[in-house]
Every structure is written in structure tokens, then in C-alpha cells.
Amino acid sequence: MSSKTYFISMAIAGSIIACVFGGRVSAQDSVKTLSLTDAISATLNNNHAIQLAKLDENIAASNYKTTEAVFLPQVGVSYTAMGTNDPLNAFGFKLQQRSIAANDFNPQLLNHPNGTADFNAKLEVQQPILNMDMLYMRKGAQKQTEVYQYKTQRTKEYMIFEVQKAYLQLQLAYDAVSVLNEAANTAQSVYGFTDNHYKQGLIQKSDLLNAQVQVTTVQSNLEKAQSNIRNASDNLSVLMGQKAGVTYKIDAQQEIAGNADTAQKIAPGRADFMAMQKAIEASDLMIKSSRMSYLPKLNAFGNFQYNDNSLTGFGANAYFVGAQLSWDVFKGNKTKNTIATQKLERDKLSEQLAQQKDQGQLELNKAYRDQSDAQFEIRQDKAAIEHAAEALRILQNRYQQGLVNTTDILMAQTQLSQQKFALAQAQFSLNLTRAYIQLLTSSTTK
């Protein structure tokens, strides 16, 4: 699997952009409560990427079955109609039909035969006996089936991560709606108080307009955040292999379990690593197969046939059996150069595996640092929310006494909303990072 530079930060940025630019929620959408467990289960059963990986696995298994020809005979049946006045073949047809008479040795007939017909029904059998190169090729094909089994498993692990990310994005969208609902209530309260004081001539119209702008801005952002719920729901539907148009509700705030061990190493048995390792083993077997092509090959063959000069006749029968020992002594260095190329390809796979492991460890180290940063940010945001809430409460009291202007109270309200949304983003980042760590440290169960 390819590395993802700045993966977590890009996922957060994507979620924030979606909150700002999402479309309106259709009133025709159905609403359904969805748990993360159910979402993962539906994805494993219906996701198109997983289905494609399984098809590749089945194709590899089918290709392996074709190598059964190394052991099994090949049988063919044919029926051939022929006619000729060629002296050699005309005499041969009669000989195969066991119809030679003394008159057929007349030199005139031998040199100038009449048109002669032959109808040949034949059963042919070819039986492999010993082909060492094909045996190792069969073993290589078996390794290929294991490669695709591991690829399927890694696809499942990656799609579990994707559905976790999509579910967390949905959760973030609901958190944004919750924060903006609170901000809308506060803004409406401030606007009502300001409007009342304006009517009494206690404040200027500019204060009323500022409060009205705040209400409008919060309501606009709330509509966009609600639209983002549908966007996240559609994303989940696609991952689960279902049609879009269902708005999902989360059944509870989802927390991804974390690992306190920040020194954890990449598991060598991770499915994508194992797929690469099996590919290397398959390459070794193909090299052995090429080397074995230097050895002789032993195969048997035979046929049983009927020959007659009549279309529906089966007058004469004969059999022909034998065994062939063949040996390609020299093929113009073709085999030697093929082996050299195969060794280079195997070495390339080994280097790619080493690079993949190093890149995976690099991503894991970064993910643990991101997890630590997110935990620190959550602590800071919680403290900031307490301070911002207290500041807003104090300013509201002073505002009601006419000691501060409308701008101060609106700025305090905006600051509190920003801090609450920053906390939601930090929690999203922490959960997503933990899910990514699970993906990076997963190990095969095979």
C-alpha cells in the first residue's frame, strides 16, 4: 500500500472544507441510526473494493488449477475426410484402410492412381510423465494465490480504516451542528436583548446591526454544517456498498481505542508485507523452474484410429503409442538470460519490501507524535473552553448592566464557539490517528 504523507492533517482539512462547502440537505432523505460496528460489518460484506480483491483472489486460484495439466492427460477426438490422386498418399490411404490388393501394385495404377478417399476417426492421448520445470511453475502459481489472499486481507483492513474515518467525519459534523446550535441560541438571545435596549434608546443602531449580522452568520454556518451531515452519510453509504440518500445518525460518541506503547514497531506479519514476501517466494520458484528447463523431459503419447473409404465406415483400426525423452541442450542462451532477468526482478521486490517496511515505520513514528499532539491539544482546548465560557458569562452580566458594548459580547461568543469546535477537531484528529495506528500495526491472522 502506498504511503500517505501528512495523511491525518489532510483528512482533518478535508472535513473542515466539507463543513464549509456542503450542499443543502434534502427533505426527502431517510434517517437511520448507524453504529460503527454495523458500518464496518456492511463494508466488509458489500464494499466494491473488497469484492474486486476477492475476484482477483479467485482468478489466481483458477490460474493455479490450470497447472493440473502437469499431471493430467490431454485427450482429443477428431474426424477427418480427405481425398487425393497423389501416388504416395493414395497408396497410403489404401494401406491404412487395409484394402491393398495384388492389382494395386500395377505400375500404371501406382503412378497414376484414381482419386482415393479416406475417412479417419482418431482418438489421441498425451500424458505428461516428468517435467520438472512445470512442477516448479505450479508451485509458483500456488504462491501467487497466497499473494492475493494477503492482498484481500489488507484491502479489508484498509476499508475498515476508511469507514472509521468516514464515521468520525460524520461525528465531527454532528459536533459542529451542536456547537453552532448553542451559538445560534446565544446569538439570538443577544440580539433580543440588544433589540429591546435599542427600542428604549439605550444603545446605537450599529450595535443592533452587529447582533443581527452575528445571528445571520451563525444560521448560515449551521445550514452548511447540517448539509455536511448528508455528505458524510453519502460517503458512508458508498463505502458500505449502498445507495446514497440515507442520512445516518450516530448512536453514541465513538472513541477509538489507543495504545499507550509509543515504541511499537511495524509488525513484519502485516498483510501487505506478507503479500510482498509471498511474491518474492513465487519469484524464487520461477527461477528454479527456469533452471529445471535444462533437464530432459519425459512424456508419453498414443492414438487409436479408424480408416475407411466410406463416410460412415470404420473398416480398419490401428493404434500408435510411444514415449518421448526430449532435451533442449542449447537454446541460444535464452534460458540463461531469462534466469538473470528473473533474479533482478526478485531483487527488486526485496528492495521494495524493505522500503515499504521503512516507510511504514516512519509513518508509525509520525502517527504516535500526532497522537501525543492531539492529546495535548484536547487538554488545552478543554481549559480554553472553561476560560472562554467564564469570560462570556462575565461579559453577559456586564452587558446587561450596560458596562460593555455589543462587539465585546459578540467576540466572546465567537471565541467560545471556536474553542468548542477546535476541541471537536482535536478529538477527531486523536480518534483518526489511533485508527491509522491500528492500520499500520495490524498483523495477519493467517
# chains A, B, ... in the order shown; residues from 1 in each chain; ligands from 1
call {"tool": "select_by_dssp", "arguments": {"residues": "region 22-203 of chain A", "states": "alpha helix (DSSP H)", "output": "VMD selection string"}}
result
chain A and resid 36 to 46 48 to 66 87 to 96 107 to 111 132 to 199
call {"tool": "residues_around", "arguments": {"residues": "Gln352 (chain A)", "least_positions_apart": "5", "cutoff": "9 Å", "atoms": "only C-alpha atoms", "output": "ChimeraX atom specification"}}
result
/A:276,347,357
call {"tool": "write_last_selection", "arguments": {"atoms": "N, CA and C atoms", "output": "short mmCIF file (atom, residue, chain, number, x, y, z; two decimals), in the first residue's frame"}}
result
data_model
loop_
_atom_site.label_atom_id
_atom_site.label_comp_id
_atom_site.auth_asym_id
_atom_site.auth_seq_id
_atom_site.Cartn_x
_atom_site.Cartn_y
_atom_site.Cartn_z
N MET A 276 3.93 -9.18 -0.29
CA MET A 276 5.18 -8.93 -0.99
C MET A 276 6.16 -10.09 -0.77
N ASP A 347 15.16 -9.41 -6.85
CA ASP A 347 15.91 -8.45 -6.02
C ASP A 347 15.16 -7.12 -5.92
N LYS A 357 8.68 -1.38 4.44
CA LYS A 357 8.76 -1.51 5.89
C LYS A 357 9.33 -0.24 6.53
#
call {"tool": "select_by_dssp", "arguments": {"residues": "region 34-101 of chain A", "states": "strand (DSSP E or B)", "output": "ChimeraX atom specification"}}
result
/A:34,74-84
call {"tool": "residues_around", "arguments": {"residues": "region 183-199 of chain A", "least_positions_apart": "6", "cutoff": "9 Å", "atoms": "only C-alpha atoms", "output": "list in words"}}
result
Lys205, Asp207, Leu208, Leu209, Asn210, Ala211, Gln212, Gln214, Val215, Thr216, Val218, Gln219, Leu222, Gln396, Gln400, Thr406, Ile409, Leu410, Gln413, Thr414, Leu416 and Ser417 of chain A
call {"tool": "write_last_selection", "arguments": {"atoms": "N, CA and C atoms", "output": "short mmCIF file (atom, residue, chain, number, x, y, z; two decimals), in the first residue's frame"}}
result
data_model
loop_
_atom_site.label_atom_id
_atom_site.label_comp_id
_atom_site.auth_asym_id
_atom_site.auth_seq_id
_atom_site.Cartn_x
_atom_site.Cartn_y
_atom_site.Cartn_z
N LYS A 205 -27.84 52.02 16.86
CA LYS A 205 -28.33 51.07 15.86
C LYS A 205 -27.21 50.17 15.35
N ASP A 207 -24.99 48.70 17.06
CA ASP A 207 -24.94 47.53 17.94
C ASP A 207 -26.00 46.51 17.54
N LEU A 208 -27.19 46.99 17.21
CA LEU A 208 -28.27 46.10 16.78
C LEU A 208 -27.90 45.41 15.47
N LEU A 209 -27.31 46.18 14.55
CA LEU A 209 -26.92 45.59 13.26
C LEU A 209 -25.83 44.53 13.43
N ASN A 210 -24.88 44.81 14.32
CA ASN A 210 -23.83 43.82 14.58
C ASN A 210 -24.41 42.53 15.15
N ALA A 211 -25.37 42.66 16.04
CA ALA A 211 -26.02 41.47 16.62
C ALA A 211 -26.80 40.71 15.55
N GLN A 212 -27.44 41.46 14.65
CA GLN A 212 -28.21 40.82 13.58
C GLN A 212 -27.28 40.08 12.60
N GLN A 214 -24.43 38.79 13.38
CA GLN A 214 -23.97 37.60 14.08
C GLN A 214 -24.99 36.47 13.97
N VAL A 215 -26.26 36.78 14.16
CA VAL A 215 -27.32 35.78 14.05
C VAL A 215 -27.36 35.18 12.65
N THR A 216 -27.28 36.05 11.64
CA THR A 216 -27.33 35.58 10.25
C THR A 216 -26.14 34.69 9.92
N VAL A 218 -24.22 32.89 11.99
CA VAL A 218 -24.31 31.60 12.69
C VAL A 218 -25.34 30.70 12.02
N GLN A 219 -26.48 31.25 11.64
CA GLN A 219 -27.51 30.45 10.98
C GLN A 219 -27.03 29.92 9.64
N LEU A 222 -24.67 27.12 10.30
CA LEU A 222 -25.43 25.97 10.80
C LEU A 222 -26.05 25.19 9.65
N GLN A 396 -21.61 38.90 29.65
CA GLN A 396 -23.07 38.97 29.55
C GLN A 396 -23.66 39.74 30.73
N GLN A 400 -25.53 43.35 30.30
CA GLN A 400 -26.88 43.64 30.79
C GLN A 400 -26.90 44.88 31.69
N THR A 406 -21.74 45.86 22.49
CA THR A 406 -22.21 44.64 21.81
C THR A 406 -21.06 43.89 21.15
N ILE A 409 -19.35 41.39 23.51
CA ILE A 409 -20.11 40.17 23.81
C ILE A 409 -20.14 39.25 22.59
N LEU A 410 -20.21 39.83 21.39
CA LEU A 410 -20.22 39.01 20.17
C LEU A 410 -18.87 38.34 19.95
N GLN A 413 -18.60 35.45 22.39
CA GLN A 413 -19.43 34.32 21.93
C GLN A 413 -18.73 33.57 20.80
N THR A 414 -18.17 34.31 19.83
CA THR A 414 -17.46 33.68 18.72
C THR A 414 -16.25 32.90 19.21
N LEU A 416 -15.84 31.44 22.13
CA LEU A 416 -16.28 30.20 22.77
C LEU A 416 -16.65 29.15 21.73
N SER A 417 -17.36 29.56 20.69
CA SER A 417 -17.74 28.62 19.63
C SER A 417 -16.51 28.05 18.93
#
call {"tool": "closest_residue", "arguments": {"among": "A:Tyr174, A:Phe314, A:Tyr399, A:Phe376", "to": "Ala426 (chain A)", "atoms": "only C-alpha atoms"}}
result
A:Phe376
call {"tool": "decode", "arguments": {"residues": "region 302-350 of chain A", "atoms": "N, CA and C atoms", "output": "PDB file, in the first residue's frame"}}
result
ATOM      1  N   GLY A 302      -0.045 -41.416 -27.505  1.00  0.00           N
ATOM      2  CA  GLY A 302      -0.651 -42.544 -28.197  1.00  0.00           C
ATOM      3  C   GLY A 302      -1.915 -42.120 -28.916  1.00  0.00           C
ATOM      4  N   ASN A 303      -2.319 -42.944 -29.907  1.00  0.00           N
ATOM      5  CA  ASN A 303      -3.586 -42.678 -30.584  1.00  0.00           C
ATOM      6  C   ASN A 303      -4.189 -43.996 -31.066  1.00  0.00           C
ATOM      7  N   PHE A 304      -5.461 -43.969 -31.245  1.00  0.00           N
ATOM      8  CA  PHE A 304      -6.207 -45.104 -31.798  1.00  0.00           C
ATOM      9  C   PHE A 304      -7.105 -44.547 -32.891  1.00  0.00           C
ATOM     10  N   GLN A 305      -7.066 -45.180 -34.114  1.00  0.00           N
ATOM     11  CA  GLN A 305      -7.767 -44.590 -35.241  1.00  0.00           C
ATOM     12  C   GLN A 305      -8.456 -45.645 -36.104  1.00  0.00           C
ATOM     13  N   TYR A 306      -9.500 -45.183 -36.792  1.00  0.00           N
ATOM     14  CA  TYR A 306     -10.205 -45.970 -37.807  1.00  0.00           C
ATOM     15  C   TYR A 306     -10.024 -45.289 -39.155  1.00  0.00           C
ATOM     16  N   ASN A 307      -9.816 -46.089 -40.192  1.00  0.00           N
ATOM     17  CA  ASN A 307      -9.720 -45.575 -41.567  1.00  0.00           C
ATOM     18  C   ASN A 307     -10.644 -46.371 -42.474  1.00  0.00           C
ATOM     19  N   ASP A 308     -11.354 -45.643 -43.348  1.00  0.00           N
ATOM     20  CA  ASP A 308     -12.273 -46.308 -44.280  1.00  0.00           C
ATOM     21  C   ASP A 308     -12.469 -45.396 -45.479  1.00  0.00           C
ATOM     22  N   ASN A 309     -12.851 -45.994 -46.623  1.00  0.00           N
ATOM     23  CA  ASN A 309     -13.123 -45.185 -47.801  1.00  0.00           C
ATOM     24  C   ASN A 309     -14.572 -44.752 -47.875  1.00  0.00           C
ATOM     25  N   SER A 310     -15.336 -45.082 -46.831  1.00  0.00           N
ATOM     26  CA  SER A 310     -16.744 -44.701 -46.758  1.00  0.00           C
ATOM     27  C   SER A 310     -16.952 -43.730 -45.596  1.00  0.00           C
ATOM     28  N   LEU A 311     -17.851 -42.765 -45.781  1.00  0.00           N
ATOM     29  CA  LEU A 311     -18.093 -41.730 -44.768  1.00  0.00           C
ATOM     30  C   LEU A 311     -18.513 -42.327 -43.442  1.00  0.00           C
ATOM     31  N   THR A 312     -19.330 -43.343 -43.470  1.00  0.00           N
ATOM     32  CA  THR A 312     -19.839 -43.933 -42.229  1.00  0.00           C
ATOM     33  C   THR A 312     -19.152 -45.238 -41.888  1.00  0.00           C
ATOM     34  N   GLY A 313     -18.067 -45.523 -42.561  1.00  0.00           N
ATOM     35  CA  GLY A 313     -17.400 -46.797 -42.344  1.00  0.00           C
ATOM     36  C   GLY A 313     -16.287 -46.707 -41.321  1.00  0.00           C
ATOM     37  N   PHE A 314     -16.066 -47.793 -40.597  1.00  0.00           N
ATOM     38  CA  PHE A 314     -14.972 -47.909 -39.653  1.00  0.00           C
ATOM     39  C   PHE A 314     -14.306 -49.269 -39.888  1.00  0.00           C
ATOM     40  N   GLY A 315     -13.760 -49.408 -41.083  1.00  0.00           N
ATOM     41  CA  GLY A 315     -13.321 -50.724 -41.518  1.00  0.00           C
ATOM     42  C   GLY A 315     -12.011 -51.181 -40.926  1.00  0.00           C
ATOM     43  N   ALA A 316     -11.029 -50.307 -40.797  1.00  0.00           N
ATOM     44  CA  ALA A 316      -9.699 -50.724 -40.325  1.00  0.00           C
ATOM     45  C   ALA A 316      -9.322 -49.875 -39.122  1.00  0.00           C
ATOM     46  N   ASN A 317      -8.752 -50.512 -38.110  1.00  0.00           N
ATOM     47  CA  ASN A 317      -8.320 -49.772 -36.931  1.00  0.00           C
ATOM     48  C   ASN A 317      -6.849 -50.040 -36.675  1.00  0.00           C
ATOM     49  N   ALA A 318      -6.249 -49.096 -35.959  1.00  0.00           N
ATOM     50  CA  ALA A 318      -4.824 -49.229 -35.645  1.00  0.00           C
ATOM     51  C   ALA A 318      -4.510 -48.355 -34.437  1.00  0.00           C
ATOM     52  N   TYR A 319      -3.456 -48.715 -33.732  1.00  0.00           N
ATOM     53  CA  TYR A 319      -3.023 -47.883 -32.603  1.00  0.00           C
ATOM     54  C   TYR A 319      -1.564 -47.501 -32.800  1.00  0.00           C
ATOM     55  N   PHE A 320      -1.175 -46.447 -32.065  1.00  0.00           N
ATOM     56  CA  PHE A 320       0.194 -45.956 -32.156  1.00  0.00           C
ATOM     57  C   PHE A 320       0.550 -45.374 -30.789  1.00  0.00           C
ATOM     58  N   VAL A 321       1.498 -45.938 -30.083  1.00  0.00           N
ATOM     59  CA  VAL A 321       1.884 -45.489 -28.742  1.00  0.00           C
ATOM     60  C   VAL A 321       3.383 -45.289 -28.699  1.00  0.00           C
ATOM     61  N   GLY A 322       3.806 -44.453 -27.708  1.00  0.00           N
ATOM     62  CA  GLY A 322       5.226 -44.221 -27.567  1.00  0.00           C
ATOM     63  C   GLY A 322       5.535 -43.308 -26.394  1.00  0.00           C
ATOM     64  N   ALA A 323       6.787 -43.161 -26.097  1.00  0.00           N
ATOM     65  CA  ALA A 323       7.280 -42.250 -25.059  1.00  0.00           C
ATOM     66  C   ALA A 323       8.416 -41.440 -25.641  1.00  0.00           C
ATOM     67  N   GLN A 324       8.473 -40.170 -25.249  1.00  0.00           N
ATOM     68  CA  GLN A 324       9.487 -39.284 -25.813  1.00  0.00           C
ATOM     69  C   GLN A 324      10.326 -38.673 -24.699  1.00  0.00           C
ATOM     70  N   LEU A 325      11.609 -38.818 -24.800  1.00  0.00           N
ATOM     71  CA  LEU A 325      12.564 -38.162 -23.918  1.00  0.00           C
ATOM     72  C   LEU A 325      13.223 -37.045 -24.711  1.00  0.00           C
ATOM     73  N   SER A 326      12.917 -35.797 -24.353  1.00  0.00           N
ATOM     74  CA  SER A 326      13.451 -34.649 -25.098  1.00  0.00           C
ATOM     75  C   SER A 326      14.347 -33.816 -24.188  1.00  0.00           C
ATOM     76  N   TRP A 327      15.327 -33.208 -24.803  1.00  0.00           N
ATOM     77  CA  TRP A 327      16.313 -32.442 -24.032  1.00  0.00           C
ATOM     78  C   TRP A 327      16.762 -31.253 -24.869  1.00  0.00           C
ATOM     79  N   ASP A 328      16.422 -30.060 -24.375  1.00  0.00           N
ATOM     80  CA  ASP A 328      16.866 -28.839 -25.049  1.00  0.00           C
ATOM     81  C   ASP A 328      18.292 -28.550 -24.585  1.00  0.00           C
ATOM     82  N   VAL A 329      19.247 -28.987 -25.373  1.00  0.00           N
ATOM     83  CA  VAL A 329      20.648 -28.867 -24.965  1.00  0.00           C
ATOM     84  C   VAL A 329      21.114 -27.415 -24.987  1.00  0.00           C
ATOM     85  N   PHE A 330      20.752 -26.668 -26.009  1.00  0.00           N
ATOM     86  CA  PHE A 330      21.186 -25.274 -26.112  1.00  0.00           C
ATOM     87  C   PHE A 330      20.103 -24.478 -26.821  1.00  0.00           C
ATOM     88  N   LYS A 331      19.709 -23.365 -26.207  1.00  0.00           N
ATOM     89  CA  LYS A 331      18.645 -22.527 -26.774  1.00  0.00           C
ATOM     90  C   LYS A 331      19.134 -21.098 -26.991  1.00  0.00           C
ATOM     91  N   GLY A 332      20.379 -20.994 -27.378  1.00  0.00           N
ATOM     92  CA  GLY A 332      20.920 -19.667 -27.687  1.00  0.00           C
ATOM     93  C   GLY A 332      21.003 -18.746 -26.491  1.00  0.00           C
ATOM     94  N   ASN A 333      21.309 -19.305 -25.294  1.00  0.00           N
ATOM     95  CA  ASN A 333      21.418 -18.531 -24.038  1.00  0.00           C
ATOM     96  C   ASN A 333      20.095 -17.894 -23.597  1.00  0.00           C
ATOM     97  N   LYS A 334      19.002 -18.323 -24.203  1.00  0.00           N
ATOM     98  CA  LYS A 334      17.704 -17.760 -23.830  1.00  0.00           C
ATOM     99  C   LYS A 334      17.366 -18.062 -22.371  1.00  0.00           C
ATOM    100  N   THR A 335      17.559 -19.314 -21.961  1.00  0.00           N
ATOM    101  CA  THR A 335      17.244 -19.695 -20.585  1.00  0.00           C
ATOM    102  C   THR A 335      18.151 -18.973 -19.599  1.00  0.00           C
ATOM    103  N   LYS A 336      19.433 -18.885 -19.920  1.00  0.00           N
ATOM    104  CA  LYS A 336      20.384 -18.211 -19.037  1.00  0.00           C
ATOM    105  C   LYS A 336      19.993 -16.753 -18.816  1.00  0.00           C
ATOM    106  N   ASN A 337      19.649 -16.060 -19.882  1.00  0.00           N
ATOM    107  CA  ASN A 337      19.286 -14.650 -19.763  1.00  0.00           C
ATOM    108  C   ASN A 337      17.935 -14.478 -19.080  1.00  0.00           C
ATOM    109  N   THR A 338      17.035 -15.440 -19.291  1.00  0.00           N
ATOM    110  CA  THR A 338      15.739 -15.391 -18.600  1.00  0.00           C
ATOM    111  C   THR A 338      15.939 -15.490 -17.093  1.00  0.00           C
ATOM    112  N   ILE A 339      16.823 -16.398 -16.659  1.00  0.00           N
ATOM    113  CA  ILE A 339      17.106 -16.555 -15.229  1.00  0.00           C
ATOM    114  C   ILE A 339      17.722 -15.277 -14.656  1.00  0.00           C
ATOM    115  N   ALA A 340      18.624 -14.664 -15.398  1.00  0.00           N
ATOM    116  CA  ALA A 340      19.246 -13.418 -14.931  1.00  0.00           C
ATOM    117  C   ALA A 340      18.203 -12.324 -14.743  1.00  0.00           C
ATOM    118  N   THR A 341      17.269 -12.232 -15.694  1.00  0.00           N
ATOM    119  CA  THR A 341      16.195 -11.231 -15.576  1.00  0.00           C
ATOM    120  C   THR A 341      15.304 -11.522 -14.384  1.00  0.00           C
ATOM    121  N   GLN A 342      14.978 -12.783 -14.169  1.00  0.00           N
ATOM    122  CA  GLN A 342      14.120 -13.153 -13.043  1.00  0.00           C
ATOM    123  C   GLN A 342      14.796 -12.846 -11.705  1.00  0.00           C
ATOM    124  N   LYS A 343      16.105 -13.039 -11.628  1.00  0.00           N
ATOM    125  CA  LYS A 343      16.823 -12.706 -10.392  1.00  0.00           C
ATOM    126  C   LYS A 343      16.770 -11.206 -10.107  1.00  0.00           C
ATOM    127  N   LEU A 344      16.913 -10.407 -11.137  1.00  0.00           N
ATOM    128  CA  LEU A 344      16.842  -8.954 -10.962  1.00  0.00           C
ATOM    129  C   LEU A 344      15.445  -8.534 -10.495  1.00  0.00           C
ATOM    130  N   GLU A 345      14.424  -9.144 -11.067  1.00  0.00           N
ATOM    131  CA  GLU A 345      13.051  -8.827 -10.652  1.00  0.00           C
ATOM    132  C   GLU A 345      12.812  -9.226  -9.201  1.00  0.00           C
ATOM    133  N   ARG A 346      13.365 -10.385  -8.798  1.00  0.00           N
ATOM    134  CA  ARG A 346      13.237 -10.797  -7.395  1.00  0.00           C
ATOM    135  C   ARG A 346      13.969  -9.828  -6.465  1.00  0.00           C
ATOM    136  N   ASP A 347      15.159  -9.408  -6.846  1.00  0.00           N
ATOM    137  CA  ASP A 347      15.909  -8.448  -6.023  1.00  0.00           C
ATOM    138  C   ASP A 347      15.162  -7.120  -5.917  1.00  0.00           C
ATOM    139  N   LYS A 348      14.506  -6.737  -6.997  1.00  0.00           N
ATOM    140  CA  LYS A 348      13.718  -5.501  -6.966  1.00  0.00           C
ATOM    141  C   LYS A 348      12.569  -5.621  -5.963  1.00  0.00           C
ATOM    142  N   LEU A 349      11.898  -6.768  -5.949  1.00  0.00           N
ATOM    143  CA  LEU A 349      10.818  -6.988  -4.983  1.00  0.00           C
ATOM    144  C   LEU A 349      11.346  -6.934  -3.554  1.00  0.00           C
ATOM    145  N   SER A 350      12.533  -7.487  -3.321  1.00  0.00           N
ATOM    146  CA  SER A 350      13.125  -7.461  -1.981  1.00  0.00           C
ATOM    147  C   SER A 350      13.408  -6.033  -1.536  1.00  0.00           C
TER     148      SER A 350
END
